[in-house]
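Enquirer: Please find entry.cif (mmCIF, C-alpha atoms) on the next line:
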data_start
loop_
_atom_site.label_atom_id
_atom_site.label_comp_id
_atom_site.auth_asym_id
_atom_site.auth_seq_id
_atom_site.Cartn_x
_atom_site.Cartn_y
_atom_site.Cartn_z
CA MET A 11 -2.65 12.95 8.86
CA THR A 12 -4.78 13.05 5.74
CA THR A 13 -8.32 11.83 5.95
CA VAL A 14 -9.27 9.46 3.14
CA ILE A 15 -12.82 8.64 4.20
CA GLU A 16 -15.16 10.69 6.29
CA VAL A 17 -18.60 9.38 7.11
CA ASN A 18 -21.22 11.24 9.12
CA GLY A 19 -24.58 9.93 10.27
CA LEU A 20 -24.61 7.25 7.60
CA THR A 21 -27.81 5.22 7.50
CA LYS A 22 -28.93 2.60 5.00
CA LYS A 23 -32.37 1.03 5.12
CA PHE A 24 -33.65 -1.83 3.03
CA GLY A 25 -37.39 -1.41 3.46
CA ARG A 26 -37.98 -1.67 7.19
CA PHE A 27 -34.61 -3.25 7.88
CA THR A 28 -31.86 -0.86 8.97
CA ALA A 29 -28.54 -2.31 7.78
CA VAL A 30 -26.41 0.67 8.78
CA ASP A 31 -27.59 2.83 11.64
CA ASN A 32 -26.25 6.37 12.00
CA ALA A 33 -22.57 5.47 11.57
CA SER A 34 -19.87 8.14 11.78
CA PHE A 35 -16.16 7.46 11.44
CA ARG A 36 -12.99 8.52 9.65
CA VAL A 37 -10.26 6.63 7.89
CA GLU A 38 -6.76 8.13 7.70
CA LYS A 39 -4.32 7.70 4.83
CA ASP A 40 -1.86 4.78 4.64
CA ARG A 41 -3.09 2.67 7.51
CA ILE A 42 -4.56 -0.82 7.77
CA TYR A 43 -8.06 -0.94 9.21
CA GLY A 44 -10.11 -3.89 10.38
CA LEU A 45 -13.88 -3.88 9.91
CA LEU A 46 -15.08 -6.59 12.26
CA GLY A 47 -18.44 -7.90 13.30
CA ARG A 48 -20.79 -10.83 13.12
CA ASN A 49 -22.53 -12.11 10.01
CA GLY A 50 -25.14 -9.62 8.86
CA ALA A 51 -23.77 -6.87 11.10
CA GLY A 52 -23.50 -4.48 8.13
CA LYS A 53 -19.82 -4.75 7.12
CA THR A 54 -20.43 -5.44 3.43
CA THR A 55 -23.18 -2.80 3.24
CA ILE A 56 -20.77 -0.18 4.60
CA MET A 57 -18.14 -1.20 2.03
CA GLN A 58 -20.70 -1.02 -0.77
CA LEU A 59 -21.78 2.44 0.37
CA LEU A 60 -18.16 3.63 0.52
CA THR A 61 -17.51 2.38 -2.99
CA GLY A 62 -20.65 3.92 -4.48
CA GLN A 63 -22.38 0.60 -5.12
CA LEU A 64 -25.29 1.48 -2.88
CA PHE A 65 -27.03 4.80 -2.18
CA ALA A 66 -27.22 5.99 1.39
CA THR A 67 -30.66 6.53 2.94
CA ALA A 68 -29.27 9.36 5.09
CA GLY A 69 -25.95 10.85 6.07
CA SER A 70 -22.87 11.87 4.14
CA ILE A 71 -19.89 9.98 2.72
CA SER A 72 -16.73 11.65 1.53
CA VAL A 73 -13.99 9.57 -0.09
CA PHE A 74 -10.85 11.48 -1.13
CA GLY A 75 -12.91 14.59 -0.39
CA GLU A 76 -15.72 13.76 -2.81
CA THR A 77 -18.81 11.60 -3.04
CA PRO A 78 -17.98 8.15 -4.42
CA VAL A 79 -21.28 7.70 -6.27
CA GLU A 80 -20.80 7.77 -10.06
CA ASN A 81 -17.48 9.53 -9.53
CA ALA A 82 -14.78 8.13 -11.82
CA ASP A 83 -11.99 10.17 -10.16
CA VAL A 84 -12.72 8.59 -6.80
CA LEU A 85 -13.53 5.08 -8.01
CA GLY A 86 -10.35 4.92 -10.12
CA ASN A 87 -8.38 5.01 -6.87
CA ILE A 88 -10.37 2.24 -5.23
CA CYS A 89 -10.04 -1.52 -5.43
CA PHE A 90 -12.84 -3.56 -3.85
CA ILE A 91 -12.28 -7.29 -3.46
CA LYS A 92 -15.54 -8.99 -2.62
CA GLU A 93 -16.22 -12.21 -0.85
CA SER A 94 -17.77 -13.77 -3.93
CA GLN A 95 -16.65 -11.90 -7.00
CA LEU A 96 -18.51 -12.86 -10.17
CA TYR A 97 -16.48 -13.18 -13.36
CA PRO A 98 -17.78 -13.30 -16.93
CA GLU A 99 -18.73 -16.74 -18.20
CA ASP A 100 -15.71 -18.64 -19.60
CA PHE A 101 -13.19 -16.27 -17.98
CA ARG A 102 -9.89 -17.81 -16.98
CA PRO A 103 -7.56 -16.29 -14.33
CA ARG A 104 -5.21 -15.05 -17.08
CA HIS A 105 -8.08 -12.98 -18.51
CA VAL A 106 -8.61 -11.41 -15.09
CA PHE A 107 -4.94 -10.53 -14.75
CA ALA A 108 -4.76 -9.25 -18.33
CA SER A 109 -7.74 -6.94 -17.90
CA ALA A 110 -6.91 -5.68 -14.40
CA PRO A 111 -4.39 -3.02 -15.62
CA TRP A 112 -7.24 -1.34 -17.58
CA PHE A 113 -8.92 -0.51 -14.29
CA PHE A 114 -5.95 -0.09 -11.97
CA PRO A 115 -3.34 2.42 -13.17
CA ASN A 116 -0.83 1.30 -10.48
CA TRP A 117 -1.08 -2.39 -11.48
CA ASP A 118 2.22 -4.20 -10.92
CA ALA A 119 2.44 -7.13 -13.32
CA ASP A 120 5.64 -8.49 -11.73
CA LEU A 121 4.02 -8.60 -8.32
CA ALA A 122 0.99 -10.34 -9.85
CA GLU A 123 3.30 -12.95 -11.43
CA ARG A 124 5.01 -13.62 -8.11
CA LEU A 125 1.68 -13.94 -6.31
CA ILE A 126 0.31 -16.30 -8.97
CA ALA A 127 3.31 -18.56 -8.30
CA ASP A 128 2.94 -18.19 -4.49
CA PHE A 129 -0.75 -19.09 -4.55
CA ARG A 130 -0.27 -21.68 -7.34
CA VAL A 131 -3.19 -20.33 -9.35
CA PRO A 132 -3.83 -22.35 -12.55
CA VAL A 133 -4.09 -19.36 -14.89
CA ASN A 134 -5.44 -21.29 -17.86
CA ARG A 135 -8.22 -23.16 -16.14
CA ARG A 136 -11.77 -21.81 -16.38
CA ILE A 137 -12.73 -19.90 -13.23
CA LYS A 138 -15.90 -22.01 -13.01
CA LYS A 139 -13.66 -25.06 -12.59
CA LEU A 140 -11.45 -23.56 -9.87
CA SER A 141 -11.82 -24.51 -6.23
CA ARG A 142 -13.36 -22.00 -3.83
CA GLY A 143 -9.92 -21.19 -2.40
CA GLN A 144 -8.37 -20.69 -5.84
CA VAL A 145 -11.13 -18.21 -6.78
CA SER A 146 -10.39 -16.34 -3.55
CA ALA A 147 -6.68 -16.35 -4.42
CA VAL A 148 -7.47 -14.65 -7.76
CA GLY A 149 -9.26 -11.87 -5.85
CA VAL A 150 -6.45 -11.49 -3.33
CA ILE A 151 -3.88 -11.20 -6.14
CA VAL A 152 -5.93 -8.49 -7.85
CA GLY A 153 -6.30 -6.67 -4.52
CA LEU A 154 -2.57 -6.68 -3.82
CA ALA A 155 -1.19 -6.13 -7.33
CA SER A 156 -3.62 -3.28 -8.08
CA ARG A 157 -1.85 -1.12 -5.46
CA ALA A 158 -4.95 1.07 -5.32
CA PRO A 159 -4.59 3.98 -2.86
CA LEU A 160 -7.73 2.68 -1.15
CA THR A 161 -8.17 -1.09 -1.09
CA PHE A 162 -11.12 -2.95 0.41
CA PHE A 163 -10.90 -6.65 1.19
CA ASP A 164 -14.30 -8.03 2.15
CA GLU A 165 -13.75 -11.52 3.60
CA PRO A 166 -11.15 -12.09 0.90
CA TYR A 167 -10.17 -15.57 1.81
CA LEU A 168 -13.15 -17.86 1.81
CA GLY A 169 -11.77 -21.36 1.27
CA LEU A 170 -8.12 -20.31 1.40
CA ASP A 171 -6.02 -22.78 3.37
CA ALA A 172 -3.85 -21.74 6.32
CA VAL A 173 -0.69 -21.62 4.20
CA ALA A 174 -2.32 -19.39 1.59
CA ARG A 175 -3.72 -17.07 4.26
CA GLN A 176 -0.26 -16.71 5.77
CA ILE A 177 1.11 -15.87 2.32
CA PHE A 178 -1.61 -13.24 1.99
CA TYR A 179 -0.72 -11.61 5.35
CA ASP A 180 3.03 -11.69 4.61
CA ARG A 181 2.68 -10.25 1.11
CA LEU A 182 0.22 -7.62 2.30
CA LEU A 183 2.66 -6.42 4.99
CA GLU A 184 5.62 -6.59 2.64
CA ASP A 185 3.96 -4.63 -0.13
CA PHE A 186 2.30 -2.22 2.31
CA SER A 187 5.75 -1.39 3.78
CA GLU A 188 7.12 -0.51 0.35
CA HIS A 189 3.98 1.03 -1.10
CA PRO A 190 1.90 2.41 1.77
CA ARG A 191 -1.81 2.69 1.06
CA THR A 192 -5.09 2.60 2.90
CA VAL A 193 -6.44 -0.89 3.43
CA ILE A 194 -9.79 -1.84 4.93
CA LEU A 195 -10.09 -5.52 5.72
CA SER A 196 -13.20 -7.28 6.92
CA THR A 197 -12.76 -10.73 8.35
CA HIS A 198 -13.98 -13.27 10.88
CA LEU A 199 -10.48 -14.61 11.52
CA ILE A 200 -9.72 -11.88 14.02
CA ASP A 201 -6.89 -13.62 15.87
CA GLU A 202 -5.02 -14.14 12.61
CA VAL A 203 -5.10 -10.48 11.59
CA SER A 204 -5.12 -8.68 14.94
CA ASN A 205 -1.39 -7.88 14.75
CA LEU A 206 -1.69 -6.49 11.22
CA LEU A 207 -4.40 -3.99 12.02
CA GLU A 208 -3.61 -0.51 13.18
CA HIS A 209 -7.18 0.51 13.86
CA VAL A 210 -10.35 -1.48 14.43
CA PHE A 211 -14.03 -0.81 13.82
CA VAL A 212 -16.51 -3.27 15.29
CA ILE A 213 -20.03 -3.23 13.89
CA GLU A 214 -23.01 -4.71 15.65
CA GLU A 215 -26.50 -4.47 14.14
CA GLY A 216 -25.45 -1.62 11.87
CA ARG A 217 -23.94 0.48 14.63
CA ILE A 218 -20.26 1.10 15.23
CA ILE A 219 -19.66 -0.10 18.78
CA VAL A 220 -15.86 0.03 18.80
CA ASP A 221 -13.70 2.61 17.00
CA ALA A 222 -10.23 2.27 18.50
CA GLU A 223 -6.54 1.80 17.85
CA SER A 224 -5.76 -1.90 18.08
CA GLU A 225 -2.89 -1.20 20.47
CA ASP A 226 -5.36 0.46 22.83
CA LEU A 227 -7.63 -2.57 22.65
CA ARG A 228 -4.81 -4.84 23.77
CA GLY A 229 -4.99 -4.93 27.53
CA ALA A 230 -8.32 -3.09 27.35
CA ALA A 231 -10.00 -6.10 28.90
CA THR A 232 -8.93 -8.66 31.47
CA THR A 233 -10.62 -11.80 32.69
CA VAL A 234 -10.77 -12.13 36.45
CA ALA A 235 -11.32 -15.63 37.83
CA GLY A 236 -11.76 -16.87 41.37
CA THR A 237 -14.37 -17.63 43.99
CA LYS A 238 -17.70 -15.99 43.36
CA GLY A 239 -17.54 -13.74 46.42
CA ALA A 240 -14.06 -12.46 45.60
CA VAL A 241 -14.93 -11.84 41.93
CA ASP A 242 -18.15 -10.03 42.83
CA ALA A 243 -16.33 -7.84 45.36
CA PHE A 244 -13.60 -7.01 42.84
CA VAL A 245 -15.86 -6.18 39.89
CA ALA A 246 -18.34 -4.11 41.94
CA GLY A 247 -18.52 -0.64 40.43
CA ARG A 248 -16.63 -1.64 37.25
CA GLU A 249 -17.89 -2.10 33.73
CA VAL A 250 -18.39 -5.85 33.29
CA ILE A 251 -18.25 -6.94 29.65
CA ALA A 252 -19.08 -10.58 30.30
CA ARG A 253 -19.66 -12.75 33.32
CA GLU A 254 -19.88 -16.49 33.83
CA ALA A 255 -20.40 -18.49 36.96
CA ILE A 256 -20.26 -22.18 37.74
CA GLY A 257 -20.92 -23.41 41.25
CA GLY A 258 -18.92 -21.29 43.67
CA LEU A 259 -16.52 -20.06 40.99
CA ALA A 260 -16.94 -17.11 38.67
CA THR A 261 -15.12 -15.35 35.87
CA ALA A 262 -15.76 -11.79 34.77
CA THR A 263 -14.31 -9.77 31.91
CA VAL A 264 -13.70 -6.19 32.94
CA GLY A 265 -12.24 -3.04 31.41
CA PRO A 266 -8.66 -1.80 31.80
CA LEU A 267 -6.94 -2.45 35.12
CA SER A 268 -4.23 -0.31 36.70
CA ALA A 269 -1.16 -1.77 38.40
CA VAL A 270 -2.85 -1.08 41.75
CA ASP A 271 -5.96 -3.00 40.62
CA ARG A 272 -3.77 -5.89 39.55
CA SER A 273 -1.99 -6.20 42.85
CA ALA A 274 -5.32 -5.87 44.68
CA ALA A 275 -6.70 -8.71 42.55
CA SER A 276 -3.78 -11.03 43.21
CA ALA A 277 -3.90 -10.16 46.92
CA ALA A 278 -7.57 -11.26 46.86
CA GLY A 279 -6.48 -14.57 45.32
CA LEU A 280 -7.92 -13.82 41.89
CA GLU A 281 -6.36 -15.03 38.65
CA LEU A 282 -5.98 -12.44 35.90
CA SER A 283 -5.67 -13.37 32.25
CA PRO A 284 -5.51 -11.18 29.16
CA VAL A 285 -8.35 -11.12 26.63
CA SER A 286 -7.45 -11.33 22.95
CA LEU A 287 -9.06 -9.00 20.43
CA GLN A 288 -11.14 -11.91 19.14
CA GLN A 289 -12.41 -12.83 22.60
CA LEU A 290 -13.13 -9.19 23.38
CA ILE A 291 -15.24 -8.85 20.25
CA VAL A 292 -17.04 -12.13 20.87
CA ARG A 293 -17.92 -10.91 24.36
CA LYS A 294 -18.98 -7.45 23.20
CA THR A 295 -21.18 -8.78 20.41
CA THR A 296 -22.82 -11.64 22.30
CA ALA A 297 -26.08 -11.07 24.11
CA ALA A 298 -26.79 -11.69 27.82
CA PRO A 299 -24.22 -13.13 30.22
CA THR A 300 -24.53 -16.83 30.89
CA GLU A 301 -25.12 -18.28 34.33
CA PHE A 302 -24.95 -21.96 35.22
CA GLU A 303 -25.69 -21.57 38.88
CA GLN A 304 -28.81 -23.69 39.17
CA SER A 305 -26.68 -26.81 38.66
CA ALA A 306 -24.94 -26.26 41.99
CA MET B 7 3.32 -12.07 21.21
CA ASP B 8 1.87 -11.56 24.67
CA GLU B 9 -1.80 -10.54 24.56
CA SER B 10 -1.74 -8.43 27.70
CA LYS B 11 0.87 -5.88 26.58
CA PRO B 12 0.89 -3.47 23.67
CA ILE B 13 2.96 -4.89 20.81
CA PHE B 14 5.14 -1.79 20.48
CA LEU B 15 6.32 -2.25 24.08
CA GLN B 16 7.14 -5.88 23.33
CA ILE B 17 9.16 -4.84 20.28
CA ALA B 18 11.06 -2.29 22.38
CA GLU B 19 11.70 -4.91 25.08
CA SER B 20 12.97 -7.48 22.61
CA ILE B 21 15.47 -4.95 21.21
CA GLU B 22 16.51 -4.08 24.77
CA ASN B 23 17.01 -7.79 25.52
CA ASP B 24 19.22 -8.16 22.46
CA ILE B 25 21.31 -5.19 23.60
CA LEU B 26 21.57 -6.60 27.15
CA SER B 27 22.58 -10.06 25.92
CA GLY B 28 25.16 -8.53 23.60
CA ALA B 29 23.45 -9.82 20.44
CA LEU B 30 23.21 -6.16 19.39
CA GLY B 31 26.48 -4.42 20.26
CA GLU B 32 26.82 -0.68 20.71
CA GLU B 33 27.19 1.22 17.44
CA THR B 34 25.77 -1.72 15.45
CA GLN B 35 22.83 -1.24 13.12
CA VAL B 36 19.44 -2.59 14.18
CA PRO B 37 16.97 -4.03 11.64
CA SER B 38 14.65 -1.56 9.93
CA THR B 39 11.07 -1.01 10.98
CA ASN B 40 9.87 -2.92 7.94
CA GLU B 41 12.14 -5.85 8.76
CA PHE B 42 10.76 -5.97 12.30
CA ALA B 43 7.22 -5.79 10.92
CA ALA B 44 7.81 -8.64 8.47
CA PHE B 45 9.62 -10.79 11.05
CA HIS B 46 7.02 -10.43 13.80
CA ARG B 47 4.12 -10.22 11.31
CA ILE B 48 2.88 -6.95 12.73
CA ASN B 49 1.81 -3.61 11.34
CA PRO B 50 4.87 -1.51 10.32
CA ALA B 51 3.46 1.52 12.18
CA THR B 52 3.40 -0.53 15.38
CA ALA B 53 6.99 -1.69 14.86
CA GLY B 54 7.96 1.94 14.21
CA LYS B 55 6.35 3.01 17.47
CA GLY B 56 8.47 0.48 19.39
CA VAL B 57 11.68 1.60 17.69
CA ASN B 58 10.83 5.28 18.23
CA LEU B 59 10.29 4.66 21.93
CA LEU B 60 13.93 3.55 22.18
CA VAL B 61 15.04 6.54 20.10
CA ASP B 62 13.25 8.84 22.56
CA GLU B 63 14.97 7.08 25.47
CA GLY B 64 18.35 7.52 23.78
CA VAL B 65 18.95 3.77 23.43
CA LEU B 66 18.91 3.96 19.63
CA TYR B 67 19.81 6.85 17.38
CA LYS B 68 19.11 7.61 13.74
CA LYS B 69 21.76 8.07 11.10
CA ARG B 70 19.99 9.90 8.31
CA GLY B 71 19.65 7.84 5.18
CA ILE B 72 21.39 4.82 6.72
CA GLY B 73 19.23 3.54 9.56
CA MET B 74 18.99 2.97 13.27
CA PHE B 75 22.00 2.26 15.52
CA VAL B 76 22.58 1.28 19.15
CA ALA B 77 23.84 4.31 21.11
CA GLN B 78 27.09 4.43 23.10
CA GLY B 79 26.58 3.52 26.75
CA SER B 80 23.05 2.24 26.20
CA ARG B 81 23.81 -1.21 27.61
CA ALA B 82 24.95 0.26 30.95
CA ARG B 83 21.82 2.43 31.11
CA LEU B 84 19.55 -0.53 30.34
CA VAL B 85 21.24 -2.59 33.05
CA ALA B 86 20.55 0.18 35.56
CA LYS B 87 16.91 0.45 34.44
CA ARG B 88 16.34 -3.31 34.58
CA ARG B 89 17.93 -3.54 38.06
CA ASP B 90 15.37 -1.02 39.28
CA GLN B 91 12.58 -3.17 37.84
CA PHE B 92 14.04 -6.42 39.19
CA HIS B 93 12.61 -5.93 42.63
CA THR B 94 8.99 -5.34 41.58
CA GLU B 95 8.98 -7.82 38.69
CA TYR B 96 10.84 -10.75 40.21
CA VAL B 97 11.48 -10.40 43.95
CA GLU B 98 7.98 -9.33 45.02
CA PRO B 99 6.11 -12.14 43.20
CA LEU B 100 8.72 -14.60 44.51
CA LEU B 101 8.11 -13.49 48.10
CA ALA B 102 4.33 -13.61 47.64
CA GLU B 103 4.48 -17.18 46.31
CA ALA B 104 6.91 -18.21 49.08
CA ALA B 105 4.55 -16.82 51.71
CA LYS B 106 1.64 -18.77 50.16
CA LEU B 107 3.68 -21.99 50.43
CA GLY B 108 4.85 -21.23 53.96
CA LEU B 109 8.55 -21.20 53.10
CA THR B 110 10.73 -19.69 55.81
CA SER B 111 13.21 -16.98 54.94
CA ALA B 112 16.08 -19.41 55.68
CA GLN B 113 14.68 -21.98 53.22
CA LEU B 114 14.15 -19.28 50.63
CA ALA B 115 17.67 -17.90 51.10
CA ALA B 116 19.13 -21.42 50.76
CA MET B 117 17.24 -21.97 47.49
CA ILE B 118 18.90 -18.87 46.07
CA THR B 119 22.40 -19.13 47.49
CA GLU B 120 22.95 -22.88 46.89
CA PRO B 121 22.57 -22.85 43.08
CA ILE B 122 24.74 -19.70 42.91
CA ALA B 123 27.46 -21.44 44.96
CA ALA B 124 27.17 -24.59 42.81
CA ARG B 125 27.42 -22.52 39.65
CA SER B 126 30.58 -20.74 40.79
CA THR B 127 32.25 -24.10 41.66
CA THR B 128 31.48 -25.52 38.22
CA ASP B 129 32.78 -22.28 36.69
CA LYS B 130 36.04 -22.71 38.63
CA GLU B 131 36.32 -26.36 37.55
CA ALA B 132 35.72 -25.38 33.95
CA ALA B 133 38.36 -22.66 34.23
CA SER B 134 41.03 -24.93 35.75
#
For this file, write the structure as structure tokens.

Expert:
Amino acid sequence: MTTVIEVNGLTKKFGRFTAVDNASFRVEKDRIYGLLGRNGAGKTTIMQLLTGQLFATAGSISVFGETPVENADVLGNICFIKESQLYPEDFRPRHVFASAPWFFPNWDADLAERLIADFRVPVNRRIKKLSRGQVSAVGVIVGLASRAPLTFFDEPYLGLDAVARQIFYDRLLEDFSEHPRTVILSTHLIDEVSNLLEHVFVIEEGRIIVDAESEDLRGAATTVAGTKGAVDAFVAGREVIAREAIGGLATATVGPLSAVDRSAASAAGLELSPVSLQQLIVRKTTAAPTEFEQSA
Amino acid sequence: MDESKPIFLQIAESIENDILSGALGEETQVPSTNEFAAFHRINPATAGKGVNLLVDEGVLYKKRGIGMFVAQGSRARLVAKRRDQFHTEYVEPLLAEAAKLGLTSAQLAAMITEPIAARSTTDKEAAS
């Protein structure tokens, strides 16, 4: 596989605040990546560093084998769709779509036309007058129709309704199948995209805490529920990601279980339930387990 | 999609189910990886992994430039494989639940044999 991005020991400080803390990872060609994490975890900062919009405090970044900073060869192959893209005063969507081919050599005007119809974007209305979701739709259309070899979507769908988001996922998969490219998507709607992602990075306080194939993350955690004694006996010696207790009952989220573990758990009268990617990330990025035992 | 299992295994199982039920006959073409990806709204690489698993097992085979087809004799092999799994996946949990509820083996046997007997009578009536 070809490596598109290689990052080693990347650190970005804003004064005393460390936004990205010694991050190292690689991105392979023609795959869809998820960059997940809580607000302020450092997702946007990482994307800005990868696209040469910020300078790293320490560490190295290589995009298509070169540094992205002030590098037209690299940046010409990148499309970065931001959460809140600013457009020139008095711009209308048709101006955006007319000027996009100047920056994106692979621009597909037919695809853009189809997407404009799908998202029902009023192309002649001033962007200032568009709804939040319609502005997001303009960004999503540029991101898809640009067919850039490396496309970043940073929370692309603020304000987009459920129907429009579904259109985005369907069109992304459709176009990705025909024109494979590297896509990095940051989002909070993890459940909605978990099946689209091939690989997941989870960022917490500037550090990469998960760097895994999404298929490996499925089944990577299981919730065990039952009486407190049985749960405690079962989870003893295992990595416990999260734990909750109420009265005499307890639930614990633990790492991968083998078939033997599973039959042992059901023999002990414990209920096992799978943990979705979203729940797993919530549990990994939330502090301190909660206990409600004093109420008993 | 079931959260506890890898998606590629679920794709492979759903193709197997279609072969077992006869929806996909032997020597018929199966949908392409991209069609599976679009239909299930999953990453095409994941869909490809599921299809390739069945190619490795000899259930599907590739015709270059045309697509993926169901192999000769794959239904019989899948039936044999699923019969092996039947005991662990269905009989064992059934017995465990029956034991929890205190059902005797006679009661349990009756629950299984009676509907089968009833079904064969209705089949005969329908045939006559």

Enquirer: Rank nothing, just name the residue among A:Ala82, A:Leu267, A:Ile71, A:Val131 nearest to chain B, using all atoms listed in the file.

Expert: A:Leu267

Enquirer: Which residues of chain B come within 12 Å of chain A, and for each one, what is the closest pair of atoms and their distance in Å to one decimal, counting all atoms listed in the file, sorted by chain and residue number, as JSON lines?

Expert:
{"residue": "B:Met7", "atom": "CA", "partner": "A:Asn205", "partner_atom": "CA", "distance": 9.0}
{"residue": "B:Asp8", "atom": "CA", "partner": "A:Pro284", "partner_atom": "CA", "distance": 8.6}
{"residue": "B:Glu9", "atom": "CA", "partner": "A:Ser286", "partner_atom": "CA", "distance": 5.9}
{"residue": "B:Ser10", "atom": "CA", "partner": "A:Gly229", "partner_atom": "CA", "distance": 4.8}
{"residue": "B:Lys11", "atom": "CA", "partner": "A:Gly229", "partner_atom": "CA", "distance": 6.0}
{"residue": "B:Pro12", "atom": "CA", "partner": "A:Glu225", "partner_atom": "CA", "distance": 5.4}
{"residue": "B:Ile13", "atom": "CA", "partner": "A:Glu225", "partner_atom": "CA", "distance": 6.9}
{"residue": "B:Phe14", "atom": "CA", "partner": "A:Glu225", "partner_atom": "CA", "distance": 8.1}
{"residue": "B:Leu15", "atom": "CA", "partner": "A:Glu225", "partner_atom": "CA", "distance": 9.9}
{"residue": "B:Gln16", "atom": "CA", "partner": "A:Glu225", "partner_atom": "CA", "distance": 11.4}
{"residue": "B:Ser38", "atom": "CA", "partner": "A:Ser187", "partner_atom": "CA", "distance": 10.8}
{"residue": "B:Thr39", "atom": "CA", "partner": "A:Ser187", "partner_atom": "CA", "distance": 9.0}
{"residue": "B:Asn40", "atom": "CA", "partner": "A:Ser187", "partner_atom": "CA", "distance": 6.1}
{"residue": "B:Glu41", "atom": "CA", "partner": "A:Glu184", "partner_atom": "CA", "distance": 9.0}
{"residue": "B:Phe42", "atom": "CA", "partner": "A:Ser187", "partner_atom": "CA", "distance": 10.9}
{"residue": "B:Ala43", "atom": "CA", "partner": "A:Leu183", "partner_atom": "CA", "distance": 7.5}
{"residue": "B:Ala44", "atom": "CA", "partner": "A:Glu184", "partner_atom": "CA", "distance": 6.6}
{"residue": "B:Phe45", "atom": "CA", "partner": "A:Asp180", "partner_atom": "CA", "distance": 9.3}
{"residue": "B:His46", "atom": "CA", "partner": "A:Asn205", "partner_atom": "CA", "distance": 8.8}
{"residue": "B:Arg47", "atom": "CA", "partner": "A:Asn205", "partner_atom": "CA", "distance": 6.9}
{"residue": "B:Ile48", "atom": "CA", "partner": "A:Asn205", "partner_atom": "CA", "distance": 4.8}
{"residue": "B:Asn49", "atom": "CA", "partner": "A:Leu206", "partner_atom": "CA", "distance": 4.5}
{"residue": "B:Pro50", "atom": "CA", "partner": "A:Ser187", "partner_atom": "CA", "distance": 6.6}
{"residue": "B:Ala51", "atom": "CA", "partner": "A:Glu208", "partner_atom": "CA", "distance": 7.4}
{"residue": "B:Thr52", "atom": "CA", "partner": "A:Glu208", "partner_atom": "CA", "distance": 7.3}
{"residue": "B:Ala53", "atom": "CA", "partner": "A:Asn205", "partner_atom": "CA", "distance": 10.4}
{"residue": "B:Gly54", "atom": "CA", "partner": "A:Ser187", "partner_atom": "CA", "distance": 11.2}
{"residue": "B:Lys55", "atom": "CA", "partner": "A:Glu225", "partner_atom": "CA", "distance": 10.6}
{"residue": "B:Gly56", "atom": "CA", "partner": "A:Glu225", "partner_atom": "CA", "distance": 11.5}
{"residue": "B:Thr94", "atom": "CA", "partner": "A:Ser273", "partner_atom": "CA", "distance": 11.1}
{"residue": "B:Glu95", "atom": "CA", "partner": "A:Ala269", "partner_atom": "CA", "distance": 11.8}
{"residue": "B:Glu98", "atom": "CA", "partner": "A:Ser273", "partner_atom": "CA", "distance": 10.7}
{"residue": "B:Pro99", "atom": "CA", "partner": "A:Ser276", "partner_atom": "CA", "distance": 10.0}
{"residue": "B:Ala102", "atom": "CA", "partner": "A:Ala277", "partner_atom": "CA", "distance": 9.0}
{"residue": "B:Glu103", "atom": "CA", "partner": "A:Ser276", "partner_atom": "CA", "distance": 10.8}
{"residue": "B:Ala105", "atom": "CA", "partner": "A:Ala277", "partner_atom": "CA", "distance": 11.8}
{"residue": "B:Lys106", "atom": "CA", "partner": "A:Gly279", "partner_atom": "CA", "distance": 10.3}

Enquirer: For Ala155 of chain A, which residue out of A:Ile177, A:Val292, A:Ala122, A:Ala127 is the nearest one, using all atoms listed in the file?

Expert: A:Ala122

Enquirer: On this structure, the PyMOL selection byres ((chain A and resi 280) around 9) would catch which residues? List them as a list in words, sorted by chain and number.

Expert: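 In the shown coordinates, the PyMOL selection byres ((chain A and resi 280) around 9) covers Val234, Ala235, Gly236, Thr237, Ala240, Val241, Phe244, Ala274, Ala275, Ser276, Ala277, Ala278, Gly279, Glu281 and Leu282 of chain A.
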
Enquirer: For the PyMOL selection byres ((chain A and resi 220) around 12), applied here, can you spell out every residue it catches as a list of chain:residue names?

Expert: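 The output of the PyMOL selection byres ((chain A and resi 220) around 12) on this file is A:Ala33, A:Ser34, A:Phe35, A:Gly44, A:Leu45, A:Leu46, A:Gly47, A:His209, A:Val210, A:Phe211, A:Val212, A:Ile213, A:Glu214, A:Gly216, A:Arg217, A:Ile218, A:Ile219, A:Asp221, A:Ala222, A:Glu223, A:Ser224, A:Asp226, A:Leu227, A:Ala230, A:Leu287, A:Leu290, A:Ile291, A:Lys294, A:Thr295.
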
Enquirer: Around (18.7, 3.1, 21.9), as given in the file, which residues come within 12 Å? Count all atoms listed in the file and list them as a ChimeraX atom specification.

Expert: /B:18-19,21-26,30-36,56-68,74-84

Enquirer: Starting from the displayed file, determine the output of the PyMOL selection byres ((chain A and resi 38) around 9) and express the residue list as a PDB file with C-alpha atoms, in the frame of the given file.

Expert:
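expr_32.pdb written:
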ATOM      1  CA  MET A  11      -2.650  12.950   8.860  1.00  0.00           C
ATOM      2  CA  THR A  12      -4.780  13.050   5.740  1.00  0.00           C
ATOM      3  CA  THR A  13      -8.320  11.830   5.950  1.00  0.00           C
ATOM      4  CA  VAL A  14      -9.270   9.460   3.140  1.00  0.00           C
ATOM      5  CA  ILE A  15     -12.820   8.640   4.200  1.00  0.00           C
ATOM      6  CA  GLU A  16     -15.160  10.690   6.290  1.00  0.00           C
ATOM      7  CA  ARG A  36     -12.990   8.520   9.650  1.00  0.00           C
ATOM      8  CA  VAL A  37     -10.260   6.630   7.890  1.00  0.00           C
ATOM      9  CA  LYS A  39      -4.320   7.700   4.830  1.00  0.00           C
ATOM     10  CA  ASP A  40      -1.860   4.780   4.640  1.00  0.00           C
ATOM     11  CA  ARG A  41      -3.090   2.670   7.510  1.00  0.00           C
ATOM     12  CA  THR A 192      -5.090   2.600   2.900  1.00  0.00           C
TER      13      THR A 192
END
